[in-house]
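Pasted below: run02.json, JSON, C-alpha atoms.
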```
[["chain", "number", "residue", "atom", "x", "y", "z"],
["A", 1, "GLY", "CA", -17.15, -2.99, -43.50],
["A", 2, "ALA", "CA", -14.65, -0.32, -44.60],
["A", 3, "PRO", "CA", -15.77, 3.16, -45.56],
["A", 4, "GLY", "CA", -16.12, 3.10, -49.34],
["A", 5, "GLU", "CA", -15.26, -0.63, -49.72],
["A", 6, "ALA", "CA", -16.24, -4.09, -48.59],
["A", 7, "HIS", "CA", -14.21, -5.98, -45.98],
["A", 8, "SER", "CA", -14.24, -9.60, -44.93],
["A", 9, "ALA", "CA", -14.38, -10.73, -41.34],
["A", 10, "GLY", "CA", -13.38, -8.33, -38.56],
["A", 11, "ARG", "CA", -10.48, -8.94, -36.21],
["A", 12, "GLN", "CA", -9.72, -8.81, -32.54],
["A", 13, "PRO", "CA", -9.65, -5.19, -31.15],
["A", 14, "ALA", "CA", -6.19, -3.67, -31.47],
["A", 15, "HIS", "CA", -6.19, -1.34, -28.46],
["A", 16, "TRP", "CA", -5.40, -2.43, -24.91],
["A", 17, "PHE", "CA", -8.48, -0.72, -23.47],
["A", 18, "ALA", "CA", -10.68, -2.98, -25.66],
["A", 19, "THR", "CA", -9.68, -6.13, -23.76],
["A", 20, "GLY", "CA", -8.92, -7.03, -20.19],
["A", 21, "SER", "CA", -6.29, -9.56, -21.04],
["A", 22, "CYS", "CA", -2.92, -8.80, -19.45],
["A", 23, "VAL", "CA", -1.32, -11.30, -21.81],
["A", 24, "TYR", "CA", -2.68, -9.36, -24.78],
["A", 25, "MET", "CA", -1.30, -6.15, -23.34],
["A", 26, "LEU", "CA", 2.13, -7.68, -22.99],
["A", 27, "LEU", "CA", 2.11, -9.07, -26.51],
["A", 28, "ARG", "CA", 0.92, -5.73, -27.86],
["A", 29, "ALA", "CA", 3.69, -3.83, -26.12],
["A", 30, "LEU", "CA", 6.25, -6.26, -27.53],
["A", 31, "ALA", "CA", 4.80, -5.87, -31.02],
["A", 32, "LEU", "CA", 4.98, -2.09, -30.78],
["A", 33, "VAL", "CA", 8.65, -2.21, -29.77],
["A", 34, "VAL", "CA", 9.43, -4.53, -32.68],
["A", 35, "GLY", "CA", 7.34, -2.34, -35.00],
["A", 36, "ALA", "CA", 9.18, 0.81, -33.91],
["A", 37, "SER", "CA", 12.54, -0.71, -34.78],
["A", 38, "ALA", "CA", 11.32, -2.07, -38.12],
["A", 39, "SER", "CA", 9.24, 0.90, -39.19],
["A", 40, "ALA", "CA", 9.91, 2.08, -42.75],
["A", 41, "GLU", "CA", 11.23, 5.65, -43.07],
["A", 42, "ILE", "CA", 11.83, 8.28, -45.74],
["A", 43, "ASN", "CA", 14.01, 11.38, -45.98],
["A", 44, "CYS", "CA", 12.49, 14.15, -43.88],
["A", 45, "THR", "CA", 14.03, 17.24, -45.51],
["A", 46, "PHE", "CA", 12.73, 19.44, -48.31],
["A", 47, "ALA", "CA", 14.16, 22.44, -50.19],
["A", 48, "PRO", "CA", 11.80, 23.75, -52.91],
["A", 49, "ASN", "CA", 13.46, 24.65, -56.20],
["A", 50, "GLU", "CA", 10.93, 27.38, -56.89],
["A", 51, "CYS", "CA", 11.67, 29.13, -53.60],
["A", 52, "PRO", "CA", 15.43, 29.27, -52.91],
["A", 53, "GLY", "CA", 16.48, 30.42, -49.48],
["A", 54, "VAL", "CA", 13.98, 28.35, -47.51],
["A", 55, "SER", "CA", 13.97, 24.69, -46.49],
["A", 56, "TRP", "CA", 12.39, 22.30, -44.03],
["A", 57, "ASP", "CA", 14.19, 19.74, -41.88],
["A", 58, "LEU", "CA", 11.62, 17.64, -40.05],
["A", 59, "THR", "CA", 14.23, 15.16, -38.80],
["A", 60, "PRO", "CA", 14.01, 16.51, -35.20],
["A", 61, "LEU", "CA", 10.22, 16.13, -35.41],
["A", 62, "GLN", "CA", 10.67, 12.61, -36.73],
["A", 63, "GLN", "CA", 12.97, 11.78, -33.80],
["A", 64, "LEU", "CA", 10.61, 13.42, -31.33],
["A", 65, "THR", "CA", 7.80, 11.08, -32.41],
["A", 66, "HIS", "CA", 9.97, 8.05, -33.14],
["A", 67, "SER", "CA", 8.49, 5.85, -30.41],
["A", 68, "ALA", "CA", 4.88, 7.06, -30.56],
["A", 69, "ASP", "CA", 2.43, 7.66, -33.37],
["A", 70, "LEU", "CA", 0.33, 10.78, -33.70],
["A", 71, "GLU", "CA", -3.39, 10.16, -33.40],
["A", 72, "VAL", "CA", -6.52, 12.20, -34.02],
["A", 73, "ALA", "CA", -10.20, 11.30, -34.04],
["A", 74, "ALA", "CA", -12.18, 12.17, -37.13],
["A", 75, "ALA", "CA", -15.17, 14.47, -36.96],
["A", 76, "ALA", "CA", -18.41, 12.71, -36.13],
["A", 77, "GLY", "CA", -19.82, 11.13, -39.26],
["A", 78, "GLU", "CA", -21.08, 7.95, -40.83],
["A", 79, "VAL", "CA", -17.98, 5.94, -39.92],
["A", 80, "PRO", "CA", -18.14, 4.67, -36.31],
["A", 81, "ASP", "CA", -15.15, 5.47, -34.06],
["A", 82, "GLU", "CA", -13.03, 6.63, -36.98],
["A", 83, "HIS", "CA", -9.55, 7.89, -36.17],
["A", 84, "PHE", "CA", -6.16, 8.20, -37.83],
["A", 85, "TRP", "CA", -2.61, 7.17, -36.94],
["A", 86, "LEU", "CA", 0.41, 8.93, -38.41],
["A", 87, "GLY", "CA", 4.16, 8.60, -38.14],
["A", 88, "VAL", "CA", 6.34, 11.54, -39.22],
["A", 89, "CYS", "CA", 8.28, 10.43, -42.31],
["A", 90, "ARG", "CA", 7.79, 6.80, -41.32],
["A", 91, "SER", "CA", 5.15, 4.10, -41.15],
["A", 92, "PRO", "CA", 2.95, 4.17, -38.06],
["A", 93, "ILE", "CA", 3.97, 1.76, -35.34],
["A", 94, "GLU", "CA", 0.31, 0.74, -35.17],
["A", 95, "ALA", "CA", 0.72, -0.78, -38.63],
["A", 96, "GLY", "CA", 2.16, -3.83, -36.87],
["A", 97, "GLN", "CA", -1.26, -4.44, -35.34],
["A", 98, "CYS", "CA", -3.21, -3.95, -38.56],
["A", 99, "GLU", "CA", -4.16, -7.16, -40.34],
["A", 100, "THR", "CA", -5.79, -5.48, -43.33],
["A", 101, "LEU", "CA", -2.80, -3.74, -44.92],
["A", 102, "SER", "CA", -3.77, -4.78, -48.47],
["A", 103, "ASN", "CA", -0.21, -6.00, -49.13],
["A", 104, "ILE", "CA", 1.23, -2.52, -48.53],
["A", 105, "SER", "CA", 4.48, -2.99, -46.64],
["A", 106, "ASP", "CA", 5.22, 0.70, -46.03],
["A", 107, "PRO", "CA", 1.94, 2.44, -45.09],
["A", 108, "ALA", "CA", 2.27, 6.19, -44.69],
["A", 109, "GLY", "CA", -0.71, 6.47, -42.36],
["A", 110, "LEU", "CA", -3.66, 4.47, -41.09],
["A", 111, "GLN", "CA", -7.40, 4.96, -41.02],
["A", 112, "VAL", "CA", -8.99, 2.92, -38.23],
["A", 113, "TRP", "CA", -12.70, 2.34, -37.54],
["A", 114, "ARG", "CA", -15.01, -0.05, -35.70],
["A", 115, "SER", "CA", -16.33, -2.88, -37.81],
["A", 116, "GLU", "CA", -19.87, -4.17, -37.80],
["A", 117, "ALA", "CA", -18.69, -7.10, -35.71],
["A", 118, "GLY", "CA", -17.46, -4.72, -33.00],
["A", 119, "GLY", "CA", -13.76, -5.14, -33.66],
["A", 120, "GLU", "CA", -11.41, -2.73, -35.38],
["A", 121, "GLU", "CA", -10.38, -2.55, -38.99],
["A", 122, "CYS", "CA", -7.77, -0.37, -40.63],
["A", 123, "ALA", "CA", -6.59, 0.69, -44.05],
["A", 124, "PRO", "CA", -3.36, 2.34, -45.22],
["A", 125, "LEU", "CA", -3.77, 5.88, -46.54],
["A", 126, "GLY", "CA", -0.86, 5.63, -48.94],
["A", 127, "SER", "CA", 2.59, 4.19, -49.45],
["A", 128, "LEU", "CA", 5.81, 5.84, -48.26],
["A", 129, "SER", "CA", 7.37, 5.09, -51.65],
["A", 130, "THR", "CA", 5.01, 7.63, -53.26],
["A", 131, "ALA", "CA", 6.01, 10.54, -50.99],
["A", 132, "ALA", "CA", 5.97, 13.95, -52.72],
["A", 133, "TRP", "CA", 6.89, 17.28, -51.10],
["A", 134, "SER", "CA", 5.46, 20.67, -52.00],
["A", 135, "MET", "CA", 4.80, 24.07, -50.46],
["A", 136, "ALA", "CA", 1.29, 24.64, -49.13],
["A", 137, "SER", "CA", 1.36, 28.09, -50.74],
["A", 138, "PRO", "CA", 4.06, 28.70, -53.37],
["A", 139, "GLY", "CA", 6.25, 31.60, -52.35],
["A", 140, "ASN", "CA", 4.87, 31.76, -48.78],
["A", 141, "GLU", "CA", 6.70, 29.51, -46.32],
["A", 142, "ALA", "CA", 4.44, 30.64, -43.46],
["A", 143, "GLU", "CA", 1.64, 28.45, -44.83],
["A", 144, "GLY", "CA", 3.66, 25.30, -44.20],
["A", 145, "VAL", "CA", 4.78, 22.34, -46.25],
["A", 146, "LEU", "CA", 2.83, 19.42, -47.69],
["A", 147, "LEU", "CA", 3.77, 15.74, -47.81],
["A", 148, "SER", "CA", 1.51, 13.76, -50.15],
["A", 149, "PHE", "CA", 1.04, 10.01, -50.46],
["A", 150, "SER", "CA", -0.95, 7.82, -52.82],
["A", 151, "GLY", "CA", -1.38, 4.10, -53.47],
["A", 152, "GLY", "CA", -3.32, 3.34, -50.30],
["A", 153, "ALA", "CA", -5.93, 0.62, -49.80],
["A", 154, "ALA", "CA", -8.71, 0.81, -52.41],
["A", 155, "GLY", "CA", -7.10, 3.92, -53.92],
["A", 156, "ARG", "CA", -6.80, 5.92, -50.71],
["A", 157, "SER", "CA", -4.48, 8.95, -50.65],
["A", 158, "MET", "CA", -3.34, 11.38, -47.98],
["A", 159, "VAL", "CA", -1.89, 14.88, -47.76],
["A", 160, "VAL", "CA", -0.16, 15.86, -44.52],
["A", 161, "ARG", "CA", 0.34, 19.55, -43.87],
["A", 162, "PHE", "CA", 3.10, 20.51, -41.42],
["A", 163, "VAL", "CA", 2.51, 23.93, -39.85],
["A", 164, "CYS", "CA", 5.01, 25.90, -37.77],
["A", 165, "ASP", "CA", 3.60, 26.53, -34.28],
["A", 166, "LYS", "CA", 6.21, 27.59, -31.75],
["A", 167, "SER", "CA", 3.69, 27.27, -28.92],
["A", 168, "ILE", "CA", 3.62, 23.47, -29.36],
["A", 169, "PRO", "CA", 6.93, 21.89, -28.25],
["A", 170, "LYS", "CA", 5.65, 18.42, -29.18],
["A", 171, "ALA", "CA", 3.89, 17.54, -32.37],
["A", 172, "VAL", "CA", 0.11, 17.52, -32.40],
["A", 173, "LEU", "CA", -2.10, 15.99, -35.08],
["A", 174, "THR", "CA", -4.86, 18.58, -34.92],
["A", 175, "GLU", "CA", -7.33, 17.55, -37.59],
["A", 176, "ALA", "CA", -8.23, 15.04, -40.25],
["A", 177, "THR", "CA", -10.71, 15.82, -42.98],
["A", 178, "GLY", "CA", -11.64, 14.41, -46.31],
["A", 179, "GLY", "CA", -13.80, 11.94, -48.11],
["A", 180, "SER", "CA", -13.98, 9.89, -51.30],
["A", 181, "LEU", "CA", -10.83, 8.11, -50.09],
["A", 182, "LYS", "CA", -8.83, 11.38, -50.09],
["A", 183, "TYR", "CA", -7.74, 12.60, -46.64],
["A", 184, "ASN", "CA", -6.06, 15.75, -45.32],
["A", 185, "LEU", "CA", -4.19, 15.73, -42.02],
["A", 186, "THR", "CA", -2.57, 18.68, -40.24],
["A", 187, "VAL", "CA", 0.41, 18.50, -37.89],
["A", 188, "ARG", "CA", 1.40, 21.51, -35.80],
["A", 189, "ALA", "CA", 4.74, 21.70, -34.01],
["A", 190, "ALA", "CA", 7.63, 24.01, -33.20],
["A", 191, "ALA", "CA", 9.90, 21.54, -34.97],
["A", 192, "ALA", "CA", 7.93, 22.04, -38.20],
["A", 193, "CYS", "CA", 9.15, 25.62, -38.71],
["A", 194, "PRO", "CA", 11.03, 26.40, -41.93],
["A", 195, "VAL", "CA", 14.67, 27.42, -42.07],
["A", 196, "GLY", "CA", 15.36, 30.71, -43.88],
["A", 197, "ARG", "CA", 12.99, 32.71, -46.02],
["A", 198, "CYS", "CA", 11.77, 32.40, -49.58],
["A", 199, "THR", "CA", 13.71, 34.58, -52.02],
["A", 200, "ALA", "CA", 11.86, 33.64, -55.19],
["A", 201, "PRO", "CA", 11.93, 36.43, -57.81],
["A", 202, "GLN", "CA", 8.72, 38.14, -58.80],
["A", 203, "ARG", "CA", 7.05, 36.61, -61.83],
["A", 204, "ASP", "CA", 4.46, 39.27, -62.56],
["A", 205, "GLY", "CA", 6.76, 41.38, -64.74],
["A", 206, "GLY", "CA", 6.81, 44.22, -62.23],
["A", 207, "SER", "CA", 10.44, 43.83, -61.24],
["A", 208, "GLY", "CA", 11.74, 45.49, -64.46],
["A", 209, "ALA", "CA", 9.54, 48.57, -64.00],
["A", 210, "ALA", "CA", 10.52, 48.80, -60.34],
["A", 211, "THR", "CA", 14.19, 48.68, -61.29],
["A", 212, "PHE", "CA", 13.74, 51.37, -63.95],
["A", 213, "PHE", "CA", 11.96, 53.79, -61.62],
["A", 214, "GLY", "CA", 14.41, 53.01, -58.84],
["A", 215, "VAL", "CA", 17.35, 53.94, -61.05],
["A", 216, "LEU", "CA", 15.51, 57.04, -62.30],
["A", 217, "LEU", "CA", 14.71, 58.32, -58.82],
["A", 218, "GLY", "CA", 18.17, 57.45, -57.56],
["A", 219, "GLY", "CA", 19.78, 59.37, -60.41],
["A", 220, "ALA", "CA", 17.53, 62.38, -59.79],
["A", 221, "ALA", "CA", 18.39, 62.39, -56.09],
["A", 222, "LEU", "CA", 22.12, 62.15, -56.84],
["A", 223, "TYR", "CA", 21.87, 64.98, -59.38],
["A", 224, "LEU", "CA", 20.01, 67.24, -56.93],
["A", 225, "VAL", "CA", 22.15, 66.54, -53.85],
["A", 226, "GLY", "CA", 25.44, 66.54, -55.76],
["A", 227, "GLY", "CA", 24.60, 69.72, -57.67],
["A", 228, "MET", "CA", 23.56, 71.61, -54.54],
["A", 229, "ALA", "CA", 26.71, 70.52, -52.73],
["A", 230, "TYR", "CA", 28.82, 71.77, -55.64],
["A", 231, "ASN", "CA", 27.01, 75.13, -55.77],
["A", 232, "VAL", "CA", 27.33, 75.63, -52.01],
["A", 233, "ARG", "CA", 31.03, 74.93, -52.24],
["A", 234, "SER", "CA", 31.24, 77.41, -55.13],
["A", 235, "GLY", "CA", 29.68, 80.14, -52.97],
["A", 236, "VAL", "CA", 26.27, 80.25, -54.69],
["A", 237, "GLU", "CA", 23.55, 81.70, -52.46],
["A", 238, "GLY", "CA", 19.78, 81.28, -52.16],
["A", 239, "ILE", "CA", 17.60, 79.35, -54.54],
["A", 240, "ASP", "CA", 20.32, 79.37, -57.16],
["A", 241, "ARG", "CA", 21.94, 76.57, -55.22],
["A", 242, "ILE", "CA", 19.51, 74.25, -56.97],
["A", 243, "PRO", "CA", 21.47, 72.92, -59.97],
["A", 244, "HIS", "CA", 20.47, 74.58, -63.26],
["A", 245, "TRP", "CA", 17.65, 76.41, -61.50],
["A", 246, "HIS", "CA", 17.09, 78.91, -64.32],
["A", 247, "PHE", "CA", 16.78, 76.10, -66.84],
["A", 248, "TRP", "CA", 14.22, 74.26, -64.71],
["A", 249, "GLN", "CA", 12.22, 77.49, -64.42],
["A", 250, "ARG", "CA", 11.87, 77.53, -68.19],
["A", 251, "VAL", "CA", 10.88, 73.84, -68.52],
["A", 252, "PRO", "CA", 7.08, 74.41, -68.17],
["A", 253, "GLN", "CA", 7.12, 77.11, -70.88],
["A", 254, "LEU", "CA", 9.36, 74.99, -73.10],
["A", 255, "ALA", "CA", 6.99, 72.07, -72.70],
["A", 256, "ALA", "CA", 4.00, 74.27, -73.57],
["A", 257, "ASP", "CA", 5.79, 75.61, -76.65],
["A", 258, "GLY", "CA", 6.67, 72.11, -77.76],
["A", 259, "ALA", "CA", 3.09, 70.93, -77.37],
["A", 260, "SER", "CA", 1.82, 73.96, -79.33],
["A", 261, "ASP", "CA", 4.31, 73.36, -82.14],
["A", 262, "ALA", "CA", 3.35, 69.67, -82.29],
["A", 263, "TYR", "CA", -0.34, 70.58, -82.49],
["A", 264, "ARG", "CA", 0.22, 73.07, -85.35],
["A", 265, "GLY", "CA", 2.37, 70.55, -87.17],
["A", 266, "ALA", "CA", -0.35, 67.90, -86.88],
["A", 267, "LEU", "CA", -2.94, 70.32, -88.30],
["A", 268, "GLN", "CA", -0.70, 71.19, -91.25],
["A", 269, "LEU", "CA", -0.04, 67.54, -91.94],
["A", 270, "ALA", "CA", -3.75, 66.74, -91.86],
["A", 271, "ARG", "CA", -4.54, 69.65, -94.20],
["A", 272, "PHE", "CA", -1.79, 68.63, -96.59],
["A", 273, "GLY", "CA", -3.09, 65.09, -96.58],
["A", 274, "ARG", "CA", -6.60, 66.19, -97.46],
["A", 275, "ASN", "CA", -5.35, 68.42, -100.28],
["A", 276, "TYR", "CA", -3.16, 65.62, -101.62],
["A", 277, "ALA", "CA", -6.07, 63.19, -101.59],
["A", 278, "ARG", "CA", -8.32, 65.75, -103.31],
["A", 279, "ALA", "CA", -5.72, 66.41, -106.01],
["A", 280, "TRP", "CA", -5.16, 62.69, -106.55],
["A", 281, "SER", "CA", -8.86, 61.96, -106.92],
["A", 282, "GLY", "CA", -9.06, 64.72, -109.56],
["A", 283, "GLY", "CA", -6.77, 62.76, -111.84],
["A", 284, "GLY", "CA", -3.53, 63.75, -113.51],
["A", 285, "SER", "CA", -0.99, 62.56, -116.03],
["A", 286, "SER", "CA", 1.49, 61.38, -113.43],
["A", 287, "ARG", "CA", 1.87, 60.63, -109.75],
["A", 288, "HIS", "CA", 3.79, 63.89, -109.25],
["A", 289, "GLU", "CA", 0.96, 66.15, -110.38],
["A", 290, "PRO", "CA", -1.25, 65.57, -107.25],
["A", 291, "LEU", "CA", 1.75, 66.30, -105.03],
["A", 292, "ARG", "CA", 2.46, 69.58, -106.86],
["A", 293, "ALA", "CA", -1.23, 70.47, -106.72],
["A", 294, "ALA", "CA", -1.37, 69.82, -102.98],
["A", 295, "GLU", "CA", 1.74, 71.94, -102.41],
["A", 296, "ALA", "CA", 0.24, 74.71, -104.46],
["A", 297, "THR", "CA", -2.81, 74.90, -102.20],
["A", 298, "GLU", "CA", -0.64, 75.37, -99.08]]
```

Output the structure of this file as structure tokens.
Amino acid sequence: GAPGEAHSAGRQPAHWFATGSCVYMLLRALALVVGASASAEINCTFAPNECPGVSWDLTPLQQLTHSADLEVAAAAGEVPDEHFWLGVCRSPIEAGQCETLSNISDPAGLQVWRSEAGGEECAPLGSLSTAAWSMASPGNEAEGVLLSFSGGAAGRSMVVRFVCDKSIPKAVLTEATGGSLKYNLTVRAAAACPVGRCTAPQRDGGSGAATFFGVLLGGAALYLVGGMAYNVRSGVEGIDRIPHWHFWQRVPQLAADGASDAYRGALQLARFGRNYARAWSGGGSSRHEPLRAAEATE
């Protein structure tokens, strides 16, 4: 039976190495050719709105694998001889040999396993009509792009991750993981590399502060360099070439004086406030009397 669902009778093995019949091999080859020409396809390009400047065009990868599906065996588990077939932006050619398509005419991928009767059974992992693109990591094109499908047999779904790997001239389906009818497949290929780079603006609020400090530092540098150039041209010698050097010498003392004045002012204000409150609590014929009393104590 199928992993996670019940199946009816098994079928004749789909692979040529499972039978010695030359007639079966010939018929299979003919079916694959017909399947390749009739295979359903979808658009194989993606440009994320949230990350302008980068895009993926997997059309060359689609053409590279047009006449052959990608296949990978699943990790050893409870399902006997489980493996997966995938076509890039198209239905697998092997879908023409699958009798248990659950009325899905455009399977995005296939899960195949050995039935209890010894034959092979398969189930679509989604429908091409449900294709949805997304970045594997928003803002980081190096993590690859995702192509998701749903609506497979018994609720199966699949996410295919395309990863740029310039050391692999041809596409390789490197792994298939998952469970509970949700599967993750990874394709590595040189033709899966993105075009351009992400130029998405920062969303953490730090860009405004960076701009402010950038303008501040730039203005300070312009003031210093421009002022020194002017003073040199005017014949000023030594440390006086620094623009307004004598003023800047006084800045620390001016800052200290300002802080001292602010401190004394705060003390006077606090003392006045206490005297005003004391005079007010003592009563008076009008609101002006506490104010005059507080002023008198100063």

message: Which residues are close to Gln62 of chain A, i.e. within 8 Å by only C-alpha atoms, leaving aside same-chain residues fewer than 2 positions away? Reply as a list in words.
response: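 Final neighbour list, sorted by chain and number: Cys44, Leu58, Thr59, Pro60, Leu64, Thr65, His66, Gly87, Val88, Cys89 and Arg90 of chain A.
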
Straight-line distance linking atom CA of Ala191 of chain A with atom CA of Ser55 of chain A, stated in Å to one decimal: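 According to the coordinates, atom CA of Ala191 of chain A and atom CA of Ser55 of chain A are separated by 12.6 Å.
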
- prompt: Just how far from atom CA of Phe212 of chain A is atom CA of Asn140 of chain A, in Å to one decimal?
  reply: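 One can read the atom CA of Asn140 of chain A to atom CA of Phe212 of chain A distance as 26.3 Å.
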
message: For a cutoff of 6 Å around the file-coordinate point (25.3, 77.3, -56.9), which residues qualify once you count all atoms listed in the file? I'd like the result as a PyMOL selection string.
response: chain A and resi 231-232+236+240-241

Take the residues from that selection and write them out as a PDB file, keeping the file's coordinate frame, keeping C-alpha atoms.
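And here's part.pdb as it stands now:
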```pdb
ATOM      1  CA  ASN A 231      27.010  75.130 -55.770  1.00  0.00           C
ATOM      2  CA  VAL A 232      27.330  75.630 -52.010  1.00  0.00           C
ATOM      3  CA  VAL A 236      26.270  80.250 -54.690  1.00  0.00           C
ATOM      4  CA  ASP A 240      20.320  79.370 -57.160  1.00  0.00           C
ATOM      5  CA  ARG A 241      21.940  76.570 -55.220  1.00  0.00           C
TER       6      ARG A 241
END
```

Once 6 Å is added on each side, what are the centre and the three edge lengths, in Å to one decimal, of the axis-aligned box enclosing the listed atoms of segment 178-183 of chain A? Present them as AutoDock Vina command-line options.
```
--center_x -10.9 --center_y 11.3 --center_z -48.8 --size_x 18.2 --size_y 18.3 --size_z 17.0
```

- prompt: Can you tell me how far atom CA of Cys98 of chain A sits from atom CA of Leu70 of chain A, in Å to one decimal?
  reply: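 According to the coordinates, atom CA of Cys98 of chain A and atom CA of Leu70 of chain A are separated by 15.9 Å.
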
I'd like the neighbourhood of segment 144-152 of chain A as a JSON list (two decimals) with C-alpha atoms, keeping the file's coordinate frame, where a residue qualifies if any of its atoms comes within 7 Å (using only C-alpha atoms), though same-chain residues fewer than 4 positions away should be ignored.
```json
[["chain", "number", "residue", "atom", "x", "y", "z"],
["A", 124, "PRO", "CA", -3.36, 2.34, -45.22],
["A", 125, "LEU", "CA", -3.77, 5.88, -46.54],
["A", 126, "GLY", "CA", -0.86, 5.63, -48.94],
["A", 127, "SER", "CA", 2.59, 4.19, -49.45],
["A", 128, "LEU", "CA", 5.81, 5.84, -48.26],
["A", 130, "THR", "CA", 5.01, 7.63, -53.26],
["A", 131, "ALA", "CA", 6.01, 10.54, -50.99],
["A", 132, "ALA", "CA", 5.97, 13.95, -52.72],
["A", 133, "TRP", "CA", 6.89, 17.28, -51.10],
["A", 134, "SER", "CA", 5.46, 20.67, -52.00],
["A", 135, "MET", "CA", 4.80, 24.07, -50.46],
["A", 136, "ALA", "CA", 1.29, 24.64, -49.13],
["A", 156, "ARG", "CA", -6.80, 5.92, -50.71],
["A", 157, "SER", "CA", -4.48, 8.95, -50.65],
["A", 158, "MET", "CA", -3.34, 11.38, -47.98],
["A", 159, "VAL", "CA", -1.89, 14.88, -47.76],
["A", 160, "VAL", "CA", -0.16, 15.86, -44.52],
["A", 161, "ARG", "CA", 0.34, 19.55, -43.87],
["A", 162, "PHE", "CA", 3.10, 20.51, -41.42],
["A", 163, "VAL", "CA", 2.51, 23.93, -39.85],
["A", 164, "CYS", "CA", 5.01, 25.90, -37.77]]
```
